[in-house]
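Below is one structure, written out as structure tokens; the observations come after it.
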Amino acid sequence: MSDIEIGGAKRARRTWGFDDIAIVPHRRTRDPEDVNTSWSIDAYKFDIPVIGAPMDSVMSPQTAIELGRLGGLGVLNLEGLWTRYENPTPYFEELSRKETSHARLQQIYMEPIKSELIAARLAEIREAGVIVAGSLSPKAVNEHYETVLKAGVDIFVIRGTTVSAEHVSSSGEPLNLKKFIYELDVPVIVGGVAAYTPALHLMRTGAAGVLVGFGGGAASSTRTTLGIRVPMASAVSDVAAARRDYLDESGGRYVHVIADGGLGTSGDMVKAFACGADALMLGSTLASASEAPGGGYHWGTESQHPDLPRGKRVWVGENGPLEQVLFGPAHSADGTANLIGALKRSMATTGYSDLKEFQRVDVVIAPPATSPSKEEPDPLNG
């Protein structure tokens with residue numbers, strides 16, 4: 001791929017975000033009711049390709065259960081308020097107030113994580129009869145993973161702003177992902193990554209799925225604080241290329257690509273699949289559900305860092321119950337409700353019957369959408 005000269009000493013590759021691309025209908029269309037949105041990872045099958053991000057504003061034990069009931073996968077943040085406080089409700093109420101400062105948020109998260117609460121929260125989800133998933137950051141894995149496994153987790157998620165297969169540290173024994181994943185009896189989803197080479201290295205550790213992106217989405221300030229950002233259309237496509245090459249290298253082992261970040265609307269989600277994603281990890285869109293514990297506010301794990309927070313608490317509002325956010329009906333045209341209905345209609349409009357087929361849809365580079373004008377009519381509506 002050609003690159004661009006920044007100056008005499010630096011060149012850069014041109015990359016694209018979801019706003020820069022659009023999908024193209026083909027010769028065949030389908031009835032949206034004939035479209036299949038299911039996907040599976042390891043032995044677990046889901047009716048919809050939606051994973052609830054392990055963020056306190058998004059997932060509680062109850063919302064994880066509800067998302068599981070609706071056909072998705074809820075991932076509980078095992079370093080969050082639910083594993084720090086026996087009764088975290090007063091703290092959620094405080095964090096749902098506009099006047100609560102970021103310093104206060106950091107103070108609330110200084111309470112130590114308690115192993116007995118990790119076990120209790122995961123047991124609550126398991127008793128409801130849905131698939132159990134919990135998330136730890138790489139630095140917390142060695143301390144808490146045995147508790148997580150004893151509690152009976154079905155899918156283990158290791159999620160950080162940036163996760164590599166080779167972490168170098170002089171301050172302690174780093175997590176050896178290849179050894180760790182090899183010794184586990186449960187599938188592991190790990191990330192984030194945003195480029196071909198680090199994704200390929202993570203796939204070689206034995207991960208069942210790789211998270212693409214730096215998480216946080218609307219609540220992230222990683223670009224502002226660290227200068228790190230990769231537009232998601234290019235990131236997902238690069239990691240999908242690593243999946244394809246690893247499939248050949250490993251003799252047929254398929255690693256799932258999960259887009260995690262930059263998914264604010266149903267249109268963004270559709271384009272993530274077009275770029276090669278198998279599933280989506282959603283944060284802000286699910287944080288707008290009335291059952292979400294954030295009460296209309298959204299924040300990520302990056303925001304609680306005691307020395308260098310890389311996220312903020314943002315208002316996302318409330319779009320109705322979780323079932324309505326996922327399956328409608330939508331009462332506005334902003335792409336924040338009836339997410340699965342929008343995905344099905346896009347797949348049907350372009351003629352594809354399942355998600356794997358839909359990854360082959362044609363894509364064009366297009367300027368960010370604006371209000372239709374007389375000079376540029378909407379090609380689907382005349």
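Residue names in the structure tokens use chain letters A, B, ... in the order shown, residue numbers from 1 in each chain, and ligand numbers from 1 in the order shown.
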Extract, using only C-alpha atoms, all DNA, RNA and protein residues at most 7 Å from range 81-97 of chain A, discarding same-chain residues fewer than 6 positions from it, and format them as a list in words.
Asp56, Glu111, Pro112, Ile113, Lys114, Leu117, Ile118, Pro293, Gly294, Gly295 and Tyr297 of chain A
Could you write out the selected residues, including N, CA and C atoms, as a PDB file, in the first residue's frame?
```
ATOM      1  N   ASP A  56     -18.056  -0.832  33.480  1.00  0.00           N
ATOM      2  CA  ASP A  56     -19.043  -0.741  34.555  1.00  0.00           C
ATOM      3  C   ASP A  56     -20.312  -0.006  34.146  1.00  0.00           C
ATOM      4  N   GLU A 111     -10.802   1.293  45.985  1.00  0.00           N
ATOM      5  CA  GLU A 111     -11.170   0.152  46.838  1.00  0.00           C
ATOM      6  C   GLU A 111     -10.602  -1.134  46.239  1.00  0.00           C
ATOM      7  N   PRO A 112      -9.963  -1.995  47.046  1.00  0.00           N
ATOM      8  CA  PRO A 112      -9.359  -3.221  46.508  1.00  0.00           C
ATOM      9  C   PRO A 112     -10.398  -4.188  45.925  1.00  0.00           C
ATOM     10  N   ILE A 113      -9.968  -4.964  44.954  1.00  0.00           N
ATOM     11  CA  ILE A 113     -10.789  -6.027  44.376  1.00  0.00           C
ATOM     12  C   ILE A 113     -10.834  -7.187  45.362  1.00  0.00           C
ATOM     13  N   LYS A 114     -12.005  -7.811  45.511  1.00  0.00           N
ATOM     14  CA  LYS A 114     -12.178  -8.899  46.469  1.00  0.00           C
ATOM     15  C   LYS A 114     -12.504 -10.195  45.730  1.00  0.00           C
ATOM     16  N   LEU A 117     -16.004 -11.621  45.859  1.00  0.00           N
ATOM     17  CA  LEU A 117     -17.006 -10.940  45.045  1.00  0.00           C
ATOM     18  C   LEU A 117     -16.890 -11.344  43.575  1.00  0.00           C
ATOM     19  N   ILE A 118     -15.682 -11.604  43.099  1.00  0.00           N
ATOM     20  CA  ILE A 118     -15.524 -12.137  41.737  1.00  0.00           C
ATOM     21  C   ILE A 118     -16.313 -13.434  41.613  1.00  0.00           C
ATOM     22  N   PRO A 293     -26.073   0.047  34.024  1.00  0.00           N
ATOM     23  CA  PRO A 293     -25.826   0.570  35.374  1.00  0.00           C
ATOM     24  C   PRO A 293     -25.337   2.014  35.420  1.00  0.00           C
ATOM     25  N   GLY A 294     -24.860   2.553  34.289  1.00  0.00           N
ATOM     26  CA  GLY A 294     -24.331   3.915  34.301  1.00  0.00           C
ATOM     27  C   GLY A 294     -25.383   4.999  34.365  1.00  0.00           C
ATOM     28  N   GLY A 295     -26.665   4.648  34.210  1.00  0.00           N
ATOM     29  CA  GLY A 295     -27.731   5.635  34.293  1.00  0.00           C
ATOM     30  C   GLY A 295     -27.637   6.716  33.236  1.00  0.00           C
ATOM     31  N   TYR A 297     -24.810   7.610  31.762  1.00  0.00           N
ATOM     32  CA  TYR A 297     -23.397   7.998  31.639  1.00  0.00           C
ATOM     33  C   TYR A 297     -22.575   6.765  31.254  1.00  0.00           C
TER      34      TYR A 297
END
```
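These are the residues of range 111-143 of chain A assigned strand (DSSP E) by DSSP from backbone coordinates: A:Ala133, A:Gly134, A:Ser135, A:Leu136.
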Write the selection just made, keeping N, CA and C atoms, as an mmCIF file, in the first residue's frame?
```
data_model
loop_
_atom_site.group_PDB
_atom_site.id
_atom_site.type_symbol
_atom_site.label_atom_id
_atom_site.label_comp_id
_atom_site.auth_asym_id
_atom_site.auth_seq_id
_atom_site.Cartn_x
_atom_site.Cartn_y
_atom_site.Cartn_z
ATOM 1 N N ALA A 133 -19.004 -14.966 31.059
ATOM 2 C CA ALA A 133 -17.745 -14.393 30.589
ATOM 3 C C ALA A 133 -17.312 -13.274 31.522
ATOM 4 N N GLY A 134 -16.026 -13.233 31.828
ATOM 5 C CA GLY A 134 -15.471 -12.190 32.673
ATOM 6 C C GLY A 134 -14.183 -11.672 32.081
ATOM 7 N N SER A 135 -13.833 -10.436 32.430
ATOM 8 C CA SER A 135 -12.662 -9.792 31.844
ATOM 9 C C SER A 135 -11.714 -9.285 32.916
ATOM 10 N N LEU A 136 -10.420 -9.483 32.650
ATOM 11 C CA LEU A 136 -9.357 -8.903 33.452
ATOM 12 C C LEU A 136 -8.374 -8.193 32.536
#
```
Surrounding residues of Val130 in chain A excluding itself and chain neighbours under 6 positions, 8 Å, only C-alpha atoms, as a PyMOL selection string:
chain A and resi 65+68-69
Just write the chosen residues, N, CA and C atoms, as a CSV table (one decimal), in the first residue's frame.
```
chain,number,residue,atom,x,y,z
A,65,ILE,N,-26.8,-11.0,32.2
A,65,ILE,CA,-27.8,-12.0,32.1
A,65,ILE,C,-28.9,-11.7,31.0
A,68,GLY,N,-27.4,-12.1,27.6
A,68,GLY,CA,-27.4,-13.5,27.3
A,68,GLY,C,-28.7,-14.1,26.9
A,69,ARG,N,-29.8,-13.6,27.6
A,69,ARG,CA,-31.1,-14.1,27.3
A,69,ARG,C,-31.6,-13.6,25.9
```
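Distances here use only C-alpha atoms; by that measure, the residue among A:Ala235, A:Val212, A:Ala119, A:Ile125 closest to Thr63 in chain A is A:Ile125.
In this model, the gap between CA of Ala199 in chain A and CA of Ala242 in chain A comes to 6.5 Å.
If you measure from each of A:Lys179, A:Lys356, A:Arg121, A:Lys271 to Met232 in chain A using only C-alpha atoms, the closest one turns out to be A:Lys271.
Using only C-alpha atoms, the contacts of Tyr44 in chain A at a cut-off of 9 Å, with sequence neighbours closer than 5 positions omitted, comprise Trp39, Ile131 and Asp154 of chain A.
Proximity of A:Phe327, A:Tyr145, A:Phe273, A:Tyr352 to Ile340 in chain A, computed with only C-alpha atoms, is greatest for A:Phe327.
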